[in-house]
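As stored in final-v2.cif (mmCIF, C-alpha atoms and all ligand atoms):
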```cif
data_coords
loop_
_atom_site.label_atom_id
_atom_site.label_comp_id
_atom_site.auth_asym_id
_atom_site.auth_seq_id
_atom_site.Cartn_x
_atom_site.Cartn_y
_atom_site.Cartn_z
CA MET A 1 -331.02 -89.78 30.21
CA SER A 2 -332.27 -88.37 33.52
CA LEU A 3 -330.63 -85.79 35.74
CA SER A 4 -329.39 -87.03 39.09
CA THR A 5 -330.61 -85.29 42.24
CA ALA A 6 -327.68 -86.65 44.28
CA ASP A 7 -324.85 -84.31 45.32
CA ARG A 8 -322.38 -86.44 43.37
CA LEU A 9 -322.42 -89.04 40.64
CA VAL A 10 -319.22 -90.70 41.87
CA THR A 11 -317.66 -90.56 45.32
CA ILE A 12 -314.38 -92.23 46.15
CA LEU A 13 -313.24 -93.24 49.63
CA GLY A 14 -309.45 -93.13 49.77
CA SER A 15 -306.60 -91.18 48.18
CA GLY A 16 -304.03 -93.94 47.60
CA PRO A 17 -303.11 -95.20 44.11
CA ALA A 18 -306.51 -96.94 43.74
CA GLY A 19 -308.63 -93.94 44.77
CA LEU A 20 -306.65 -91.39 42.77
CA THR A 21 -306.59 -93.53 39.61
CA ALA A 22 -310.35 -94.02 39.90
CA ALA A 23 -310.66 -90.24 40.30
CA ILE A 24 -308.62 -89.50 37.17
CA TYR A 25 -310.73 -91.87 35.07
CA ALA A 26 -314.04 -90.66 36.54
CA ALA A 27 -313.08 -87.00 36.09
CA ARG A 28 -312.05 -87.56 32.48
CA ALA A 29 -315.45 -89.25 31.94
CA ASN A 30 -317.08 -86.00 33.15
CA LEU A 31 -318.41 -87.61 36.33
CA LYS A 32 -317.01 -84.84 38.63
CA PRO A 33 -315.83 -87.22 41.38
CA LEU A 34 -315.37 -86.31 45.03
CA VAL A 35 -312.46 -87.99 46.83
CA PHE A 36 -312.31 -88.37 50.60
CA GLU A 37 -308.63 -88.35 51.54
CA GLY A 38 -309.14 -90.14 54.86
CA PRO A 39 -306.69 -90.57 57.75
CA GLN A 40 -303.66 -91.13 55.48
CA PRO A 41 -303.78 -88.69 52.54
CA GLY A 42 -301.91 -90.33 49.65
CA GLY A 43 -302.14 -93.77 51.25
CA GLN A 44 -299.44 -96.27 52.19
CA LEU A 45 -296.81 -95.01 49.74
CA THR A 46 -296.48 -91.83 51.75
CA ILE A 47 -294.67 -93.83 54.46
CA THR A 48 -292.02 -95.29 52.18
CA THR A 49 -288.99 -93.92 50.37
CA GLU A 50 -287.93 -95.22 46.95
CA VAL A 51 -290.53 -96.92 44.72
CA GLU A 52 -288.65 -98.68 41.95
CA ASN A 53 -291.37 -100.88 40.46
CA PHE A 54 -294.06 -98.39 39.42
CA PRO A 55 -293.86 -98.30 35.63
CA GLY A 56 -293.03 -94.99 34.00
CA PHE A 57 -290.28 -93.94 36.40
CA GLU A 58 -287.06 -95.24 34.92
CA HIS A 59 -284.96 -94.23 37.92
CA GLY A 60 -287.64 -94.86 40.55
CA ILE A 61 -289.53 -92.22 42.49
CA MET A 62 -290.00 -91.45 46.16
CA GLY A 63 -293.37 -92.74 47.42
CA PRO A 64 -294.65 -89.34 48.64
CA ASP A 65 -293.58 -87.73 45.34
CA LEU A 66 -295.46 -90.35 43.32
CA MET A 67 -298.63 -89.64 45.30
CA ASP A 68 -298.08 -85.90 44.94
CA VAL A 69 -297.88 -86.25 41.14
CA MET A 70 -301.06 -88.37 41.09
CA HIS A 71 -302.81 -85.74 43.22
CA LYS A 72 -301.76 -82.97 40.82
CA GLN A 73 -302.99 -85.07 37.88
CA CYS A 74 -306.38 -85.32 39.63
CA GLU A 75 -306.45 -81.56 40.23
CA ARG A 76 -305.75 -80.95 36.55
CA PHE A 77 -308.98 -82.79 35.69
CA GLY A 78 -311.01 -80.96 38.35
CA VAL A 79 -311.34 -83.71 40.97
CA ASP A 80 -312.76 -82.36 44.24
CA PHE A 81 -311.14 -83.38 47.53
CA GLU A 82 -312.41 -83.50 51.09
CA TYR A 83 -309.60 -83.78 53.64
CA ASP A 84 -311.72 -85.85 55.93
CA GLU A 85 -312.51 -89.40 56.99
CA VAL A 86 -315.82 -91.04 56.19
CA VAL A 87 -317.33 -92.40 59.40
CA GLU A 88 -320.64 -93.76 58.13
CA VAL A 89 -322.21 -94.94 54.89
CA ASP A 90 -325.93 -95.45 54.41
CA PHE A 91 -326.13 -98.50 52.18
CA ASN A 92 -329.82 -98.05 51.28
CA GLY A 93 -329.20 -96.73 47.82
CA PRO A 94 -328.29 -95.69 45.28
CA PRO A 95 -328.13 -92.86 46.01
CA PHE A 96 -326.00 -93.64 49.08
CA ILE A 97 -325.37 -91.24 51.95
CA VAL A 98 -321.75 -90.73 52.91
CA LYS A 99 -321.04 -89.02 56.24
CA THR A 100 -318.02 -87.44 57.86
CA ARG A 101 -318.17 -86.25 61.47
CA GLY A 102 -319.66 -82.93 60.44
CA LYS A 103 -321.31 -83.29 57.02
CA SER A 104 -323.08 -85.68 54.66
CA TRP A 105 -323.31 -86.11 50.89
CA THR A 106 -325.43 -88.22 48.59
CA THR A 107 -323.85 -90.12 45.72
CA GLU A 108 -325.09 -92.33 42.88
CA ALA A 109 -321.93 -94.48 42.85
CA LEU A 110 -319.43 -95.23 45.60
CA ILE A 111 -315.92 -96.52 45.01
CA ILE A 112 -314.33 -97.97 48.13
CA ALA A 113 -310.55 -97.64 48.01
CA THR A 114 -309.75 -97.50 51.71
CA GLY A 115 -306.69 -99.75 51.42
CA ALA A 116 -305.11 -101.98 54.00
CA SER A 117 -302.69 -101.30 56.79
CA ALA A 118 -299.68 -103.42 57.63
CA ARG A 119 -299.82 -104.52 61.25
CA LEU A 120 -296.83 -103.11 63.10
CA ILE A 121 -295.17 -104.14 66.36
CA GLY A 122 -295.84 -100.73 67.87
CA LEU A 123 -292.30 -99.48 68.64
CA PRO A 124 -291.54 -95.77 68.20
CA SER A 125 -288.19 -96.68 66.53
CA GLU A 126 -290.03 -98.96 64.06
CA LYS A 127 -292.26 -96.06 63.02
CA GLU A 128 -289.38 -93.57 62.87
CA LEU A 129 -287.31 -95.86 60.60
CA MET A 130 -290.14 -97.07 58.34
CA GLY A 131 -288.77 -96.69 54.82
CA TYR A 132 -285.25 -96.16 56.21
CA GLY A 133 -284.30 -99.76 57.01
CA VAL A 134 -287.67 -100.94 58.32
CA SER A 135 -290.17 -102.24 55.77
CA ALA A 136 -293.51 -104.01 55.65
CA CYS A 137 -293.13 -105.21 52.07
CA ALA A 138 -290.39 -107.58 50.85
CA THR A 139 -291.50 -107.42 47.21
CA CYS A 140 -291.19 -103.64 47.36
CA ASP A 141 -287.94 -103.26 49.27
CA GLY A 142 -286.06 -106.58 49.11
CA PHE A 143 -284.02 -105.33 46.19
CA PHE A 144 -282.37 -102.69 48.41
CA TYR A 145 -280.80 -105.41 50.58
CA ARG A 146 -278.62 -107.18 48.03
CA GLY A 147 -275.83 -109.00 49.86
CA LYS A 148 -277.02 -107.68 53.24
CA GLU A 149 -278.35 -109.31 56.41
CA VAL A 150 -281.99 -108.79 57.29
CA ALA A 151 -284.53 -110.01 59.85
CA VAL A 152 -288.21 -110.85 59.36
CA VAL A 153 -290.66 -110.70 62.27
CA GLY A 154 -293.61 -113.09 62.31
CA GLY A 155 -294.59 -116.73 62.36
CA GLY A 156 -297.37 -116.88 59.79
CA ASP A 157 -297.41 -117.62 56.06
CA THR A 158 -296.58 -113.98 55.29
CA ALA A 159 -293.36 -114.17 57.33
CA MET A 160 -292.34 -117.46 55.67
CA GLU A 161 -293.12 -116.11 52.21
CA GLU A 162 -291.34 -112.78 52.79
CA ALA A 163 -288.28 -114.51 54.30
CA THR A 164 -288.03 -116.96 51.41
CA TYR A 165 -288.40 -114.14 48.90
CA LEU A 166 -285.74 -112.06 50.67
CA THR A 167 -283.16 -114.85 50.28
CA LYS A 168 -283.10 -113.96 46.57
CA HIS A 169 -281.40 -110.69 47.56
CA ALA A 170 -280.05 -110.85 51.11
CA SER A 171 -277.03 -112.89 52.20
CA LYS A 172 -278.79 -113.97 55.41
CA VAL A 173 -282.39 -113.78 56.64
CA THR A 174 -283.28 -114.35 60.30
CA ILE A 175 -286.90 -115.11 61.16
CA ILE A 176 -287.76 -113.74 64.58
CA HIS A 177 -290.90 -115.19 66.12
CA ARG A 178 -292.35 -114.73 69.59
CA ARG A 179 -293.33 -118.42 70.02
CA GLU A 180 -292.09 -121.89 69.02
CA GLN A 181 -295.34 -122.78 67.28
CA PHE A 182 -296.10 -121.26 63.91
CA ARG A 183 -299.35 -120.22 62.32
CA ALA A 184 -297.78 -120.79 58.91
CA SER A 185 -298.67 -123.90 56.93
CA LYS A 186 -296.36 -126.91 57.17
CA ALA A 187 -295.35 -126.56 53.53
CA MET A 188 -294.31 -122.92 53.92
CA ILE A 189 -292.38 -123.65 57.14
CA GLN A 190 -290.60 -126.57 55.50
CA ARG A 191 -289.64 -124.47 52.51
CA ALA A 192 -288.13 -121.87 54.81
CA GLN A 193 -286.42 -124.51 56.98
CA GLU A 194 -284.79 -126.03 53.93
CA ASN A 195 -283.43 -122.70 52.77
CA PRO A 196 -279.75 -122.47 53.80
CA LYS A 197 -279.87 -118.66 53.97
CA ILE A 198 -282.62 -118.64 56.63
CA GLU A 199 -281.84 -118.73 60.36
CA TRP A 200 -284.30 -118.69 63.27
CA LYS A 201 -284.72 -116.90 66.57
CA LEU A 202 -287.76 -118.28 68.38
CA ASN A 203 -289.40 -117.21 71.64
CA THR A 204 -287.95 -113.82 70.81
CA THR A 205 -289.35 -110.33 70.40
CA VAL A 206 -287.89 -107.17 68.90
CA ASP A 207 -287.82 -104.54 71.65
CA GLU A 208 -286.09 -101.79 69.69
CA VAL A 209 -284.70 -100.94 66.27
CA PHE A 210 -281.34 -99.16 66.25
CA GLY A 211 -280.47 -96.84 63.39
CA THR A 212 -280.94 -93.42 61.88
CA ARG A 213 -282.81 -92.07 58.89
CA GLU A 214 -279.44 -91.04 57.42
CA LYS A 215 -277.64 -94.38 57.76
CA GLY A 216 -280.49 -96.91 58.03
CA VAL A 217 -280.80 -99.77 60.50
CA HIS A 218 -277.71 -101.39 62.03
CA ALA A 219 -279.06 -103.56 64.87
CA LEU A 220 -282.09 -104.74 66.87
CA LYS A 221 -282.61 -105.18 70.57
CA LEU A 222 -283.95 -108.71 70.97
CA ARG A 223 -285.52 -110.23 74.07
CA ASN A 224 -285.55 -113.96 74.67
CA LEU A 225 -288.95 -114.53 76.27
CA GLN A 226 -287.86 -117.75 78.02
CA THR A 227 -284.68 -116.46 79.64
CA GLY A 228 -285.35 -112.70 79.64
CA VAL A 229 -281.88 -112.18 78.16
CA LEU A 230 -281.48 -109.08 75.98
CA GLU A 231 -279.22 -109.16 72.94
CA GLU A 232 -278.04 -106.61 70.39
CA PHE A 233 -278.44 -108.32 67.03
CA LYS A 234 -276.69 -106.90 63.98
CA VAL A 235 -278.88 -106.50 60.87
CA ASP A 236 -279.07 -104.12 57.92
CA GLY A 237 -282.85 -104.23 57.62
CA LEU A 238 -286.01 -105.32 59.41
CA PHE A 239 -289.12 -106.60 57.65
CA ILE A 240 -292.35 -106.64 59.65
CA ALA A 241 -294.50 -109.54 58.45
CA ILE A 242 -297.16 -109.92 61.11
CA GLY A 243 -300.15 -109.47 58.83
CA HIS A 244 -302.25 -106.77 57.24
CA GLU A 245 -305.64 -105.41 58.13
CA PRO A 246 -307.94 -104.17 55.38
CA ASN A 247 -309.61 -100.89 56.31
CA THR A 248 -313.15 -102.26 56.21
CA LYS A 249 -314.53 -101.73 59.72
CA LEU A 250 -317.02 -99.26 58.23
CA PHE A 251 -318.55 -102.00 56.09
CA ALA A 252 -318.76 -104.81 58.67
CA GLY A 253 -322.07 -106.62 58.42
CA LYS A 254 -323.02 -104.57 55.34
CA LEU A 255 -320.80 -106.00 52.61
CA PRO A 256 -319.52 -109.58 52.24
CA MET A 257 -315.89 -110.03 53.27
CA ASP A 258 -313.47 -112.94 53.49
CA GLU A 259 -312.32 -114.24 56.89
CA SER A 260 -309.58 -111.59 57.04
CA GLY A 261 -311.99 -108.71 56.31
CA TYR A 262 -311.14 -108.09 52.62
CA LEU A 263 -314.07 -107.04 50.41
CA LEU A 264 -315.17 -109.55 47.79
CA PRO A 265 -316.13 -107.97 44.46
CA THR A 266 -317.61 -110.09 41.70
CA PRO A 267 -314.61 -111.92 40.17
CA GLY A 268 -313.32 -110.14 37.06
CA SER A 269 -314.89 -106.81 38.03
CA THR A 270 -314.88 -104.32 40.90
CA LYS A 271 -318.63 -104.52 41.51
CA LEU A 272 -319.76 -105.23 45.05
CA GLN A 273 -322.95 -106.98 46.04
CA ILE A 274 -324.87 -103.70 46.33
CA PRO A 275 -325.40 -102.22 42.85
CA GLY A 276 -323.60 -98.87 42.57
CA MET A 277 -320.81 -99.86 44.97
CA TYR A 278 -317.32 -100.83 43.84
CA ALA A 279 -314.05 -101.83 45.50
CA ALA A 280 -310.55 -101.03 44.27
CA GLY A 281 -307.02 -101.60 45.54
CA ASP A 282 -305.71 -103.32 48.63
CA VAL A 283 -309.11 -103.25 50.36
CA ALA A 284 -310.16 -106.12 48.09
CA ASP A 285 -306.75 -107.63 47.39
CA HIS A 286 -305.33 -110.19 49.78
CA THR A 287 -302.83 -111.40 47.25
CA TYR A 288 -300.88 -108.74 45.34
CA ARG A 289 -301.09 -105.52 47.41
CA GLN A 290 -299.00 -103.43 45.01
CA ALA A 291 -299.39 -99.82 43.94
CA ILE A 292 -299.73 -100.75 40.28
CA SER A 293 -302.39 -103.42 40.91
CA ALA A 294 -304.26 -100.93 43.14
CA ALA A 295 -304.10 -98.30 40.38
CA GLY A 296 -305.28 -100.92 37.85
CA THR A 297 -308.38 -101.82 39.84
CA GLY A 298 -309.00 -98.10 40.48
CA CYS A 299 -309.23 -97.67 36.71
CA MET A 300 -311.57 -100.68 36.50
CA ALA A 301 -313.84 -99.32 39.24
CA ALA A 302 -314.26 -95.95 37.50
CA ILE A 303 -315.10 -97.67 34.21
CA ASP A 304 -317.54 -100.04 35.96
CA ALA A 305 -319.22 -97.05 37.65
CA GLU A 306 -319.36 -95.03 34.43
CA ARG A 307 -320.99 -97.90 32.49
CA ASP A 308 -323.49 -98.66 35.26
CA LEU A 309 -324.52 -94.99 35.49
CA ALA A 310 -324.99 -94.91 31.72
CA ALA A 311 -327.05 -98.11 31.88
CA ARG A 312 -329.24 -96.46 34.54
CA GLY A 313 -329.64 -93.46 32.24
CA ILE A 314 -328.09 -91.07 34.78
CA GLU A 315 -326.11 -88.02 33.81
CA ALA A 316 -324.67 -85.02 35.66
P1 LIG B 401 -303.76 -97.21 50.33
O1 LIG B 401 -302.53 -96.71 49.70
O2 LIG B 401 -303.69 -97.99 51.59
O3 LIG B 401 -304.72 -95.94 50.55
C1 LIG B 401 -305.89 -96.07 51.29
C2 LIG B 401 -306.55 -94.70 51.39
O4 LIG B 401 -307.83 -94.85 52.01
C3 LIG B 401 -305.77 -93.69 52.22
O5 LIG B 401 -305.73 -92.46 51.54
C4 LIG B 401 -306.63 -93.53 53.48
O6 LIG B 401 -306.53 -92.24 54.06
C5 LIG B 401 -308.01 -93.79 52.91
N1 LIG B 401 -309.01 -94.19 53.89
C6 LIG B 401 -308.96 -95.20 54.79
N2 LIG B 401 -310.09 -95.21 55.54
C7 LIG B 401 -310.86 -94.19 55.08
C8 LIG B 401 -312.13 -93.67 55.44
N3 LIG B 401 -312.86 -94.20 56.44
N4 LIG B 401 -312.62 -92.59 54.77
C9 LIG B 401 -311.92 -92.03 53.76
N5 LIG B 401 -310.71 -92.49 53.36
C10 LIG B 401 -310.20 -93.54 54.02
N6 LIG B 401 -296.21 -101.09 46.42
C11 LIG B 401 -295.50 -101.06 45.30
O7 LIG B 401 -296.05 -101.33 44.22
N7 LIG B 401 -294.20 -100.68 45.29
C12 LIG B 401 -293.53 -100.33 46.42
O8 LIG B 401 -292.33 -100.03 46.40
C13 LIG B 401 -294.27 -100.33 47.64
N8 LIG B 401 -293.67 -100.00 48.80
C14 LIG B 401 -294.40 -100.03 49.95
C15 LIG B 401 -293.77 -99.66 51.13
C16 LIG B 401 -294.49 -99.65 52.31
C17 LIG B 401 -293.79 -99.24 53.59
C18 LIG B 401 -295.87 -100.04 52.32
C19 LIG B 401 -296.65 -100.04 53.61
C20 LIG B 401 -296.48 -100.43 51.15
C21 LIG B 401 -295.76 -100.43 49.96
N9 LIG B 401 -296.33 -100.81 48.76
C22 LIG B 401 -295.63 -100.75 47.60
C23 LIG B 401 -297.74 -101.26 48.71
C24 LIG B 401 -298.62 -100.09 48.21
O9 LIG B 401 -298.36 -98.96 49.01
C25 LIG B 401 -300.08 -100.47 48.29
O10 LIG B 401 -300.32 -101.65 47.56
C26 LIG B 401 -300.96 -99.35 47.73
O11 LIG B 401 -300.71 -98.13 48.40
C27 LIG B 401 -302.43 -99.70 47.86
O12 LIG B 401 -303.15 -98.62 47.36
P2 LIG B 401 -304.66 -98.36 47.80
O13 LIG B 401 -305.05 -97.11 47.10
O14 LIG B 401 -305.46 -99.57 47.60
O15 LIG B 401 -304.63 -98.13 49.37
P1 LIG B 402 -301.14 -114.50 60.62
O1 LIG B 402 -301.38 -115.88 60.13
O2 LIG B 402 -302.16 -113.86 61.50
O3 LIG B 402 -299.75 -114.55 61.39
C1 LIG B 402 -299.26 -113.40 62.00
C2 LIG B 402 -298.00 -113.78 62.74
O4 LIG B 402 -297.44 -112.61 63.29
C3 LIG B 402 -298.23 -114.75 63.89
O5 LIG B 402 -297.20 -115.69 63.93
C4 LIG B 402 -298.21 -113.85 65.12
O6 LIG B 402 -297.67 -114.47 66.25
C5 LIG B 402 -297.26 -112.76 64.68
N1 LIG B 402 -297.57 -111.52 65.34
C6 LIG B 402 -298.77 -110.85 65.36
N2 LIG B 402 -298.66 -109.71 66.05
C7 LIG B 402 -297.36 -109.66 66.49
C8 LIG B 402 -296.64 -108.71 67.24
N3 LIG B 402 -297.21 -107.58 67.68
N4 LIG B 402 -295.34 -108.97 67.50
C9 LIG B 402 -294.74 -110.08 67.03
N5 LIG B 402 -295.38 -111.01 66.30
C10 LIG B 402 -296.67 -110.80 66.03
O7 LIG B 402 -300.89 -113.45 59.43
P2 LIG B 402 -300.24 -113.69 57.99
O8 LIG B 402 -298.99 -114.47 58.11
O9 LIG B 402 -300.19 -112.35 57.36
O10 LIG B 402 -301.33 -114.56 57.23
C11 LIG B 402 -302.66 -114.04 57.09
C12 LIG B 402 -303.46 -115.00 56.20
O11 LIG B 402 -302.95 -114.95 54.87
C13 LIG B 402 -303.35 -116.46 56.65
O12 LIG B 402 -304.59 -117.07 56.42
C14 LIG B 402 -302.30 -117.03 55.74
O13 LIG B 402 -302.45 -118.43 55.53
C15 LIG B 402 -302.57 -116.25 54.45
N6 LIG B 402 -301.36 -116.18 53.62
C16 LIG B 402 -301.11 -117.19 52.75
C17 LIG B 402 -299.97 -117.18 51.96
C18 LIG B 402 -299.71 -118.29 50.99
O14 LIG B 402 -300.33 -119.30 51.10
N7 LIG B 402 -298.83 -118.12 50.05
C19 LIG B 402 -299.04 -116.13 52.09
C20 LIG B 402 -299.29 -115.13 53.00
C21 LIG B 402 -300.46 -115.17 53.78
P3 LIG B 402 -298.53 -115.54 67.08
O15 LIG B 402 -298.53 -116.76 66.23
O16 LIG B 402 -297.77 -115.70 68.34
O17 LIG B 402 -299.89 -114.93 67.27
#
```

Here is a file; write its structure as structure tokens.
Amino acid sequence: MSLSTADRLVTILGSGPAGLTAAIYAARANLKPLVFEGPQPGGQLTITTEVENFPGFEHGIMGPDLMDVMHKQCERFGVDFEYDEVVEVDFNGPPFIVKTRGKSWTTEALIIATGASARLIGLPSEKELMGYGVSACATCDGFFYRGKEVAVVGGGDTAMEEATYLTKHASKVTIIHRREQFRASKAMIQRAQENPKIEWKLNTTVDEVFGTREKGVHALKLRNLQTGVLEEFKVDGLFIAIGHEPNTKLFAGKLPMDESGYLLPTPGSTKLQIPGMYAAGDVADHTYRQAISAAGTGCMAAIDAERDLAARGIEA
């Protein structure tokens, strides 16, 4: 075993379920990890309300509370946190150099858990009511709309898939799309078209979401782009399904990505193409994008890093 001269053995970018799970495992393996919290401390779950599908919470838990508990669990094992965003990584390692706007650190292993962000329309009312009648995740929140009427914005495969899924719970689902042509595949469109619970509003945009945090959403202001006519459209919930963007701008041209910008670890592991670098959570997951799958790959990344460090004969 040789002593490392780097500032850290393991550094983790991101404090969502993936980053914090990686931190718990790395800390318990005595690797003294450093976590960069980034622009959204706690990650995506901090902008939602009830999380009912994270195992271990029989009656569900509020998203921010879940992340708070994970943070406290990290603190208990001595994880160090930097409340800052990483703006540059020097990939000529290991050791790698990780930089914020004011400081830099060296690290033997780097776990990238920077997540993905749901694309939003950009309305203030959409932001205000996120988690209170507005959602970006049908799998997460569809259950809350049993017997209710909801709308889905988008014309791609995500919108078709979310709308079809929502018909399991909602009494009516209206797909609102700004054009008549769809990006979705023919098969997905056909499946939605054949579903008797799905209705369509094409050439239409959502200009405002009406509701309150206390009572949820009750209507949308819709604009018909062909006629300019405005309409108040009654719904109980709005699902935004206009795509996601993985937070990978920092790694463009440095690490292989798919056409949507998701990182591509070696299948069956979290290892990236540069030895000593790992990806966990939504940043490398186009398909599932769930808190539990993010936490699972966070665990995998810490174990991968621990074993690789041991194989390199490096200790704290
Ligand atoms: P994220 O949670 O996205 O965290 C990414 C982290 O990376 C953040 O802390 C951010 O600050 C940090 N970061 C980004 N860039 C940098 C940088 N340059 N430097 C340092 N740090 C950086 N899933 C469920 O299982 N159940 C649910 O009920 C559920 N509800 C949801 C509701 C909403 C409204 C949304 C948006 C998502 C929901 N999800 C739910 C999905 C779930 O939140 C994600 O799958 C999960 O948070 C992904 O975890 P992650 O750690 O990979 O990334
Ligand atoms: P996408 O294909 O980029 O489609 C996004 C849709 O949202 C488009 O219809 C777009 O409208 C609309 N949109 C974008 N910004 C908008 C805005 N500000 N206001 C209103 N509408 C807006 O994204 P995606 O549907 O998430 O799919 C991404 C990729 O994942 C695709 O390759 C898709 O095939 C894949 N995917 C596959 C499956 C599956 O096969 N099961 C499921 C989900 C996703 P315009 O068309 O007018 O631009």

Using all atoms listed in the file, give me every residue within 12 Å of (-288.9, -118.4, 79.6) in file coordinates, as a JSON list (two decimals) with C-alpha atoms, keeping the file's coordinate frame.
```
[["chain", "number", "residue", "atom", "x", "y", "z"],
["A", 178, "ARG", "CA", -292.35, -114.73, 69.59],
["A", 179, "ARG", "CA", -293.33, -118.42, 70.02],
["A", 180, "GLU", "CA", -292.09, -121.89, 69.02],
["A", 202, "LEU", "CA", -287.76, -118.28, 68.38],
["A", 203, "ASN", "CA", -289.40, -117.21, 71.64],
["A", 204, "THR", "CA", -287.95, -113.82, 70.81],
["A", 223, "ARG", "CA", -285.52, -110.23, 74.07],
["A", 224, "ASN", "CA", -285.55, -113.96, 74.67],
["A", 225, "LEU", "CA", -288.95, -114.53, 76.27],
["A", 226, "GLN", "CA", -287.86, -117.75, 78.02],
["A", 227, "THR", "CA", -284.68, -116.46, 79.64],
["A", 228, "GLY", "CA", -285.35, -112.70, 79.64],
["A", 229, "VAL", "CA", -281.88, -112.18, 78.16]]
```

Counting only C-alpha atoms, which residues of region 109-173 of chain A fall within 8 Å of region 33-57 of chain A, and what is the closest atom pair for each with its distance in Å at one decimal, ordered by chain and rising number, as a Markdown table?
```
| residue | atom | partner | partner_atom | distance |
| --- | --- | --- | --- | --- |
| A:Gly115 | CA | A:Gly43 | CA | 7.5 |
| A:Ser117 | CA | A:Gln44 | CA | 7.6 |
| A:Met130 | CA | A:Thr48 | CA | 6.7 |
| A:Gly131 | CA | A:Thr48 | CA | 4.4 |
| A:Tyr132 | CA | A:Thr49 | CA | 7.3 |
| A:Cys140 | CA | A:Val51 | CA | 7.3 |
```

Nearest to Pro246 (chain A), chosen from A:Leu129, A:Ala302, A:Ile112, A:Ala138, with all atoms listed in the file counted in the distances
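Using all atoms listed in the file, the shortest distance to Pro246 (chain A) belongs to A:Ile112.
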
Which one of A:Arg312, A:Arg289, A:Arg76, A:Lys221 sits closest to ligand LIG 401 (chain B) if you count all atoms listed in the file?
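Of the candidates, the smallest distance to ligand LIG 401 (chain B) is held by A:Arg289.
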
Would you mind telling me which residue in A:Leu250, A:Ile240, A:Leu123, A:Ala279 lies nearest to Ala163 (chain A) when using all atoms listed in the file?
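For Ala163 (chain A), the nearest of the given residues is A:Ile240.
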
Cut-off 8 Å, only C-alpha atoms and all ligand atoms, neighbours of ligand LIG 402 (chain B) as a VMD selection string
chain A and resid 119 to 122 153 to 161 177 to 179 181 to 185 188 205 to 206 241 to 244 260 286 to 287

Determine the nearest neighbour of Phe81 (chain A) from the options A:Ala151, A:Leu13, A:Ile189, A:Val209, counting only C-alpha atoms.
A:Leu13

For each of A:Ser293, A:Thr212, A:Ser15, A:Ser269, take the minimum atom-to-atom distance to ligand LIG 401 (chain B), counting only C-alpha atoms and all ligand atoms, then give the residue where this is smallest.
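Counting only C-alpha atoms and all ligand atoms, the residue closest to ligand LIG 401 (chain B) is A:Ser15.
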
Between A:Leu3, A:Ala187, A:Ile175, A:Ile292, which is the closest to ligand LIG 401 (chain B) once you count all atoms listed in the file?
A:Ile292

Skip Gly19 (chain A) itself and residues of its chain fewer than 6 positions away, then list as a list in words all residues within 8 Å of it, counting all atoms listed in the file.
Ile12, Leu13, Val35, Ile111, Ile112, Ala113, Thr114, Ala280, Gly281, Ala295 and Gly298 of chain A

Near-Thr248 (chain A) list (9 Å; only C-alpha atoms; drop same-chain fewer than 3 positions) as a VMD selection string:
chain A and resid 114 to 116 245 251 to 252 257 261 to 263 283

Separation of CA of Gly14 (chain A) from CA of His71 (chain A), in Å and rounded to one decimal
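Straight-line distance from CA of Gly14 (chain A) to CA of His71 (chain A) works out to 11.9 Å.
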
Neighbour list for Lys148 (chain A) as number ranges by chain, cut-off 8 Å, all atoms listed in the file, skip fewer than 6 positions in-chain:
A: 169-172, 235-236
